[in-house]
>>> print(open('model13.pdb').read())   # PDB, C-alpha atoms
ATOM      1  CA  MET A   1     136.082 115.245 102.548  1.00  0.00           C
ATOM      2  CA  SER A   2     135.874 118.078 100.044  1.00  0.00           C
ATOM      3  CA  SER A   3     134.406 121.546 100.336  1.00  0.00           C
ATOM      4  CA  PHE A   4     133.559 124.523  98.184  1.00  0.00           C
ATOM      5  CA  ASN A   5     134.328 127.989  99.545  1.00  0.00           C
ATOM      6  CA  ALA A   6     134.207 131.572  98.317  1.00  0.00           C
ATOM      7  CA  TYR A   7     137.271 133.836  98.172  1.00  0.00           C
ATOM      8  CA  LEU A   8     136.732 137.578  97.765  1.00  0.00           C
ATOM      9  CA  PHE A   9     139.207 140.252  96.709  1.00  0.00           C
ATOM     10  CA  PHE A  10     138.859 143.779  98.073  1.00  0.00           C
ATOM     11  CA  ASP A  11     140.660 147.032  97.328  1.00  0.00           C
ATOM     12  CA  GLY A  12     141.782 147.875 100.855  1.00  0.00           C
ATOM     13  CA  THR A  13     138.490 147.254 102.676  1.00  0.00           C
ATOM     14  CA  ALA A  14     138.863 143.613 103.735  1.00  0.00           C
ATOM     15  CA  ALA A  15     139.883 144.718 107.267  1.00  0.00           C
ATOM     16  CA  GLN A  16     136.453 146.349 107.619  1.00  0.00           C
ATOM     17  CA  ALA A  17     134.397 143.865 105.588  1.00  0.00           C
ATOM     18  CA  MET A  18     135.426 140.621 107.256  1.00  0.00           C
ATOM     19  CA  PRO A  19     134.706 141.689 110.883  1.00  0.00           C
ATOM     20  CA  PHE A  20     131.371 143.059 109.628  1.00  0.00           C
ATOM     21  CA  TYR A  21     130.542 139.673 108.074  1.00  0.00           C
ATOM     22  CA  LYS A  22     131.569 137.962 111.336  1.00  0.00           C
ATOM     23  CA  LYS A  23     129.299 140.278 113.331  1.00  0.00           C
ATOM     24  CA  VAL A  24     126.331 139.376 111.116  1.00  0.00           C
ATOM     25  CA  LEU A  25     127.049 135.705 110.356  1.00  0.00           C
ATOM     26  CA  GLY A  26     128.905 134.670 113.521  1.00  0.00           C
ATOM     27  CA  GLY A  27     131.742 132.195 113.494  1.00  0.00           C
ATOM     28  CA  LYS A  28     135.497 132.457 113.876  1.00  0.00           C
ATOM     29  CA  LEU A  29     137.572 135.023 111.994  1.00  0.00           C
ATOM     30  CA  GLU A  30     141.316 134.823 111.396  1.00  0.00           C
ATOM     31  CA  VAL A  31     143.082 137.741 109.703  1.00  0.00           C
ATOM     32  CA  MET A  32     146.700 138.237 108.599  1.00  0.00           C
ATOM     33  CA  THR A  33     147.984 141.510 107.161  1.00  0.00           C
ATOM     34  CA  TYR A  34     150.781 141.827 104.635  1.00  0.00           C
ATOM     35  CA  ALA A  35     153.011 143.100 107.474  1.00  0.00           C
ATOM     36  CA  GLN A  36     152.307 139.892 109.461  1.00  0.00           C
ATOM     37  CA  MET A  37     153.098 137.589 106.553  1.00  0.00           C
ATOM     38  CA  PRO A  38     156.034 135.233 107.258  1.00  0.00           C
ATOM     39  CA  GLY A  39     159.170 136.710 105.762  1.00  0.00           C
ATOM     40  CA  ALA A  40     157.584 140.129 105.285  1.00  0.00           C
ATOM     41  CA  GLU A  41     159.891 143.080 105.544  1.00  0.00           C
ATOM     42  CA  ALA A  42     157.333 145.402 107.099  1.00  0.00           C
ATOM     43  CA  ASP A  43     159.746 148.344 107.051  1.00  0.00           C
ATOM     44  CA  LYS A  44     159.872 148.080 103.235  1.00  0.00           C
ATOM     45  CA  LEU A  45     156.067 148.244 102.898  1.00  0.00           C
ATOM     46  CA  SER A  46     154.116 151.470 102.842  1.00  0.00           C
ATOM     47  CA  ALA A  47     151.840 151.895 105.862  1.00  0.00           C
ATOM     48  CA  THR A  48     148.865 151.315 103.574  1.00  0.00           C
ATOM     49  CA  SER A  49     150.281 148.097 102.099  1.00  0.00           C
ATOM     50  CA  ALA A  50     151.360 146.794 105.518  1.00  0.00           C
ATOM     51  CA  ALA A  51     147.818 147.206 106.890  1.00  0.00           C
ATOM     52  CA  ARG A  52     146.078 145.522 103.958  1.00  0.00           C
ATOM     53  CA  VAL A  53     144.729 142.018 104.515  1.00  0.00           C
ATOM     54  CA  MET A  54     146.898 139.294 102.998  1.00  0.00           C
ATOM     55  CA  HIS A  55     144.424 136.569 104.013  1.00  0.00           C
ATOM     56  CA  ALA A  56     141.257 136.361 106.087  1.00  0.00           C
ATOM     57  CA  CYS A  57     139.142 133.308 106.827  1.00  0.00           C
ATOM     58  CA  LEU A  58     135.675 133.366 108.379  1.00  0.00           C
ATOM     59  CA  SER A  59     134.387 129.930 109.369  1.00  0.00           C
ATOM     60  CA  PHE A  60     130.687 130.000 110.245  1.00  0.00           C
ATOM     61  CA  ASP A  61     127.673 127.661 110.355  1.00  0.00           C
ATOM     62  CA  HIS A  62     126.947 127.962 106.643  1.00  0.00           C
ATOM     63  CA  GLY A  63     130.499 127.603 105.356  1.00  0.00           C
ATOM     64  CA  VAL A  64     133.785 129.386 104.927  1.00  0.00           C
ATOM     65  CA  LEU A  65     134.321 132.835 103.463  1.00  0.00           C
ATOM     66  CA  MET A  66     137.878 133.872 102.664  1.00  0.00           C
ATOM     67  CA  ALA A  67     139.216 137.202 101.453  1.00  0.00           C
ATOM     68  CA  SER A  68     142.205 139.426 100.885  1.00  0.00           C
ATOM     69  CA  ASP A  69     143.039 142.885  99.610  1.00  0.00           C
ATOM     70  CA  ASP A  70     144.748 143.422  96.292  1.00  0.00           C
ATOM     71  CA  MET A  71     148.178 144.964  96.637  1.00  0.00           C
ATOM     72  CA  GLU A  72     148.298 148.736  96.824  1.00  0.00           C
ATOM     73  CA  GLY A  73     148.554 150.321  93.378  1.00  0.00           C
ATOM     74  CA  LYS A  74     147.315 147.238  91.527  1.00  0.00           C
ATOM     75  CA  PRO A  75     144.314 148.068  89.322  1.00  0.00           C
ATOM     76  CA  TYR A  76     141.198 146.810  91.087  1.00  0.00           C
ATOM     77  CA  ASP A  77     138.312 145.282  89.154  1.00  0.00           C
ATOM     78  CA  PRO A  78     135.166 145.437  91.338  1.00  0.00           C
ATOM     79  CA  MET A  79     133.326 142.224  92.133  1.00  0.00           C
ATOM     80  CA  LYS A  80     130.841 141.180  89.445  1.00  0.00           C
ATOM     81  CA  GLY A  81     129.360 138.160  87.732  1.00  0.00           C
ATOM     82  CA  PHE A  82     128.434 136.230  90.898  1.00  0.00           C
ATOM     83  CA  SER A  83     126.497 136.440  94.167  1.00  0.00           C
ATOM     84  CA  LEU A  84     127.221 134.888  97.522  1.00  0.00           C
ATOM     85  CA  THR A  85     124.061 133.009  98.476  1.00  0.00           C
ATOM     86  CA  LEU A  86     122.792 132.240 101.960  1.00  0.00           C
ATOM     87  CA  ASN A  87     119.943 129.772 102.518  1.00  0.00           C
ATOM     88  CA  TYR A  88     117.956 129.707 105.740  1.00  0.00           C
ATOM     89  CA  ASP A  89     115.202 127.419 106.951  1.00  0.00           C
ATOM     90  CA  GLU A  90     113.516 130.156 108.976  1.00  0.00           C
ATOM     91  CA  VAL A  91     112.283 133.483 107.582  1.00  0.00           C
ATOM     92  CA  PRO A  92     113.131 135.585 110.675  1.00  0.00           C
ATOM     93  CA  GLU A  93     116.825 134.628 110.500  1.00  0.00           C
ATOM     94  CA  ALA A  94     116.939 135.344 106.768  1.00  0.00           C
ATOM     95  CA  GLU A  95     115.335 138.740 107.368  1.00  0.00           C
ATOM     96  CA  ARG A  96     117.838 139.561 110.121  1.00  0.00           C
ATOM     97  CA  VAL A  97     120.831 138.656 107.960  1.00  0.00           C
ATOM     98  CA  PHE A  98     119.447 140.365 104.841  1.00  0.00           C
ATOM     99  CA  ASN A  99     118.740 143.606 106.693  1.00  0.00           C
ATOM    100  CA  ALA A 100     122.094 143.629 108.502  1.00  0.00           C
ATOM    101  CA  LEU A 101     124.250 142.854 105.462  1.00  0.00           C
ATOM    102  CA  ALA A 102     122.276 145.197 103.173  1.00  0.00           C
ATOM    103  CA  GLU A 103     122.596 148.187 105.532  1.00  0.00           C
ATOM    104  CA  GLY A 104     124.543 150.878 103.707  1.00  0.00           C
ATOM    105  CA  GLY A 105     124.455 148.880 100.469  1.00  0.00           C
ATOM    106  CA  THR A 106     122.113 148.751  97.480  1.00  0.00           C
ATOM    107  CA  VAL A 107     119.073 146.470  97.542  1.00  0.00           C
ATOM    108  CA  THR A 108     118.330 145.216  94.023  1.00  0.00           C
ATOM    109  CA  MET A 109     115.393 142.985  95.050  1.00  0.00           C
ATOM    110  CA  PRO A 110     113.767 143.365  98.476  1.00  0.00           C
ATOM    111  CA  LEU A 111     112.998 140.203 100.429  1.00  0.00           C
ATOM    112  CA  ALA A 112     109.689 138.857  99.168  1.00  0.00           C
ATOM    113  CA  LYS A 113     107.810 135.614  98.605  1.00  0.00           C
ATOM    114  CA  THR A 114     108.684 133.810  95.380  1.00  0.00           C
ATOM    115  CA  PHE A 115     107.533 130.583  93.783  1.00  0.00           C
ATOM    116  CA  TRP A 116     110.617 128.782  95.143  1.00  0.00           C
ATOM    117  CA  ALA A 117     110.935 130.292  98.618  1.00  0.00           C
ATOM    118  CA  GLU A 118     109.039 132.027 101.394  1.00  0.00           C
ATOM    119  CA  ARG A 119     111.549 134.863 101.030  1.00  0.00           C
ATOM    120  CA  PHE A 120     114.197 135.786  98.492  1.00  0.00           C
ATOM    121  CA  GLY A 121     116.147 139.006  98.076  1.00  0.00           C
ATOM    122  CA  MET A 122     119.289 140.417  96.473  1.00  0.00           C
ATOM    123  CA  PHE A 123     121.625 143.284  97.303  1.00  0.00           C
ATOM    124  CA  THR A 124     125.175 144.523  97.030  1.00  0.00           C
ATOM    125  CA  ASP A 125     126.625 145.374 100.427  1.00  0.00           C
ATOM    126  CA  ARG A 126     128.570 148.512 101.368  1.00  0.00           C
ATOM    127  CA  PHE A 127     131.832 146.756 100.436  1.00  0.00           C
ATOM    128  CA  GLY A 128     130.710 145.852  96.908  1.00  0.00           C
ATOM    129  CA  THR A 129     129.917 142.188  97.591  1.00  0.00           C
ATOM    130  CA  PRO A 130     126.782 140.890  95.829  1.00  0.00           C
ATOM    131  CA  TRP A 131     124.490 138.657  97.939  1.00  0.00           C
ATOM    132  CA  MET A 132     121.299 136.626  97.585  1.00  0.00           C
ATOM    133  CA  VAL A 133     119.305 135.380 100.578  1.00  0.00           C
ATOM    134  CA  ASN A 134     116.702 132.581 100.508  1.00  0.00           C
ATOM    135  CA  ALA A 135     114.433 131.386 103.306  1.00  0.00           C
ATOM    136  CA  GLY A 136     111.972 128.492 103.489  1.00  0.00           C
ATOM    137  CA  MET A 137     112.815 127.124 100.083  1.00  0.00           C
ATOM    138  CA  SER A 138     110.281 124.844  98.407  1.00  0.00           C
ATOM    139  CA  LYS A 139     111.236 121.242  97.836  1.00  0.00           C
ATOM    140  CA  PRO A 140     111.420 120.240  94.161  1.00  0.00           C
ATOM    141  CA  ALA A 141     108.615 117.944  93.031  1.00  0.00           C
TER     142      ALA A 141
END
>>> encode(input="model13.pdb", output="structure tokens")
Amino acid sequence: MSSFNAYLFFDGTAAQAMPFYKKVLGGKLEVMTYAQMPGAEADKLSATSAARVMHACLSFDHGVLMASDDMEGKPYDPMKGFSLTLNYDEVPEAERVFNALAEGGTVTMPLAKTFWAERFGMFTDRFGTPWMVNAGMSKPA
């Protein structure tokens, strides 16, 4: 069996972002900080580096979302050139997820009817992650 998953890189906000995604999407979240990493010498890490997320994995109904923080002091290049996409059969669930994830972010296209779906919308969340949400997608002819 093979799978395709997304892996996000944050600049010190993964510890806030991943529990937020779990709250909205559900599922099981596992998080390991750099201080918890096997072989880590936590006393040699700054408090900021020790608290950063080395690896997080959220397994939920629609897939797996993984993430980590870049190391402290490493130049961070914000997320761009992609969108995480969620597809829902039912409009109410898509609206709930869209509204929850978009809160505090920037909506670039409000949820609306399109020629391919009952609802489609785009936004970048408060953590800088770009998303697209579809609901009731039309079947290709």
>>> resolve_selection(input="model13.pdb", expression="the PyMOL selection byres ((chain A and resi 112) around 12)", output="PDB file with C-alpha atoms, keeping the file's coordinate frame")
ATOM      1  CA  VAL A  91     112.283 133.483 107.582  1.00  0.00           C
ATOM      2  CA  ALA A  94     116.939 135.344 106.768  1.00  0.00           C
ATOM      3  CA  GLU A  95     115.335 138.740 107.368  1.00  0.00           C
ATOM      4  CA  PHE A  98     119.447 140.365 104.841  1.00  0.00           C
ATOM      5  CA  THR A 108     118.330 145.216  94.023  1.00  0.00           C
ATOM      6  CA  MET A 109     115.393 142.985  95.050  1.00  0.00           C
ATOM      7  CA  PRO A 110     113.767 143.365  98.476  1.00  0.00           C
ATOM      8  CA  LEU A 111     112.998 140.203 100.429  1.00  0.00           C
ATOM      9  CA  LYS A 113     107.810 135.614  98.605  1.00  0.00           C
ATOM     10  CA  THR A 114     108.684 133.810  95.380  1.00  0.00           C
ATOM     11  CA  PHE A 115     107.533 130.583  93.783  1.00  0.00           C
ATOM     12  CA  TRP A 116     110.617 128.782  95.143  1.00  0.00           C
ATOM     13  CA  ALA A 117     110.935 130.292  98.618  1.00  0.00           C
ATOM     14  CA  GLU A 118     109.039 132.027 101.394  1.00  0.00           C
ATOM     15  CA  ARG A 119     111.549 134.863 101.030  1.00  0.00           C
ATOM     16  CA  PHE A 120     114.197 135.786  98.492  1.00  0.00           C
ATOM     17  CA  GLY A 121     116.147 139.006  98.076  1.00  0.00           C
ATOM     18  CA  MET A 122     119.289 140.417  96.473  1.00  0.00           C
ATOM     19  CA  MET A 132     121.299 136.626  97.585  1.00  0.00           C
ATOM     20  CA  VAL A 133     119.305 135.380 100.578  1.00  0.00           C
ATOM     21  CA  ASN A 134     116.702 132.581 100.508  1.00  0.00           C
ATOM     22  CA  ALA A 135     114.433 131.386 103.306  1.00  0.00           C
ATOM     23  CA  GLY A 136     111.972 128.492 103.489  1.00  0.00           C
TER      24      GLY A 136
END
>>> residues_near_point(input="model13.pdb", point="(151.6, 144.8, 102.7)", cutoff="6 Å", atoms="only C-alpha atoms", output="ChimeraX atom specification")
/A:34-35,45,49-50,52
>>> write_last_selection(input="model13.pdb", atoms="C-alpha atoms", output="CSV table (one decimal), keeping the file's coordinate frame")
chain,number,residue,atom,x,y,z
A,34,TYR,CA,150.8,141.8,104.6
A,35,ALA,CA,153.0,143.1,107.5
A,45,LEU,CA,156.1,148.2,102.9
A,49,SER,CA,150.3,148.1,102.1
A,50,ALA,CA,151.4,146.8,105.5
A,52,ARG,CA,146.1,145.5,104.0
>>> residues_around(input="model13.pdb", residues="Cys57 of chain A", least_positions_apart="5", cutoff="6 Å", atoms="only C-alpha atoms", output="list of chain:residue names")
A:Leu29, A:Glu30, A:Leu65, A:Met66
>>> resolve_selection(input="model13.pdb", expression="the PyMOL selection byres ((chain A and resi 9) around 9)", output="PDB file with C-alpha atoms, keeping the file's coordinate frame")
ATOM      1  CA  TYR A   7     137.271 133.836  98.172  1.00  0.00           C
ATOM      2  CA  LEU A   8     136.732 137.578  97.765  1.00  0.00           C
ATOM      3  CA  PHE A  10     138.859 143.779  98.073  1.00  0.00           C
ATOM      4  CA  ASP A  11     140.660 147.032  97.328  1.00  0.00           C
ATOM      5  CA  ALA A  14     138.863 143.613 103.735  1.00  0.00           C
ATOM      6  CA  MET A  66     137.878 133.872 102.664  1.00  0.00           C
ATOM      7  CA  ALA A  67     139.216 137.202 101.453  1.00  0.00           C
ATOM      8  CA  SER A  68     142.205 139.426 100.885  1.00  0.00           C
ATOM      9  CA  ASP A  69     143.039 142.885  99.610  1.00  0.00           C
ATOM     10  CA  ASP A  70     144.748 143.422  96.292  1.00  0.00           C
ATOM     11  CA  TYR A  76     141.198 146.810  91.087  1.00  0.00           C
ATOM     12  CA  PRO A  78     135.166 145.437  91.338  1.00  0.00           C
ATOM     13  CA  MET A  79     133.326 142.224  92.133  1.00  0.00           C
TER      14      MET A  79
END
>>> atom_distance(input="model13.pdb", atom1="atom CA of Gly105 of chain A", atom2="atom CA of Gly128 of chain A")
7.8 Å
>>> atom_distance(input="model13.pdb", atom1="atom CA of Ala15 of chain A", atom2="atom CA of Thr33 of chain A")
8.7 Å
>>> atom_distance(input="model13.pdb", atom1="atom CA of Gly63 of chain A", atom2="atom CA of Tyr21 of chain A")
12.4 Å
>>> closest_residue(input="model13.pdb", among="A:Ala102, A:Ser46, A:Lys28, A:Asn87", to="Gly73 of chain A", atoms="all atoms listed in the file")
A:Ser46
>>> residues_near_point(input="model13.pdb", point="(147.0, 152.4, 101.7)", cutoff="7 Å", atoms="only C-alpha atoms", output="NGL selection string")
:A and (12 or 47-49 or 72)
>>> resolve_selection(input="model13.pdb", expression="the PyMOL selection byres ((chain A and resi 25) around 12)", output="ChimeraX atom specification")
/A:17-24,26-29,58-65,86,88,93-94,96-98,100-101
>>> axis_aligned_box(input="model13.pdb", around="segment 107-112 of chain A", padding_each_side="4 Å", output="JSON")
{"center_x": 114.4, "center_y": 142.7, "center_z": 97.2, "size_x": 17.4, "size_y": 15.6, "size_z": 14.4}
>>> residues_around(input="model13.pdb", residues="Gln36 of chain A", least_positions_apart="5", cutoff="9 Å", atoms="only C-alpha atoms", output="PDB file with C-alpha atoms, keeping the file's coordinate frame")
ATOM      1  CA  ALA A  42     157.333 145.402 107.099  1.00  0.00           C
ATOM      2  CA  ALA A  50     151.360 146.794 105.518  1.00  0.00           C
ATOM      3  CA  ALA A  51     147.818 147.206 106.890  1.00  0.00           C
ATOM      4  CA  MET A  54     146.898 139.294 102.998  1.00  0.00           C
TER       5      MET A  54
END
>>> closest_residue(input="model13.pdb", among="A:Asn99, A:Thr129, A:Ser83, A:Thr124", to="Thr13 of chain A", atoms="all atoms listed in the file")
A:Thr129
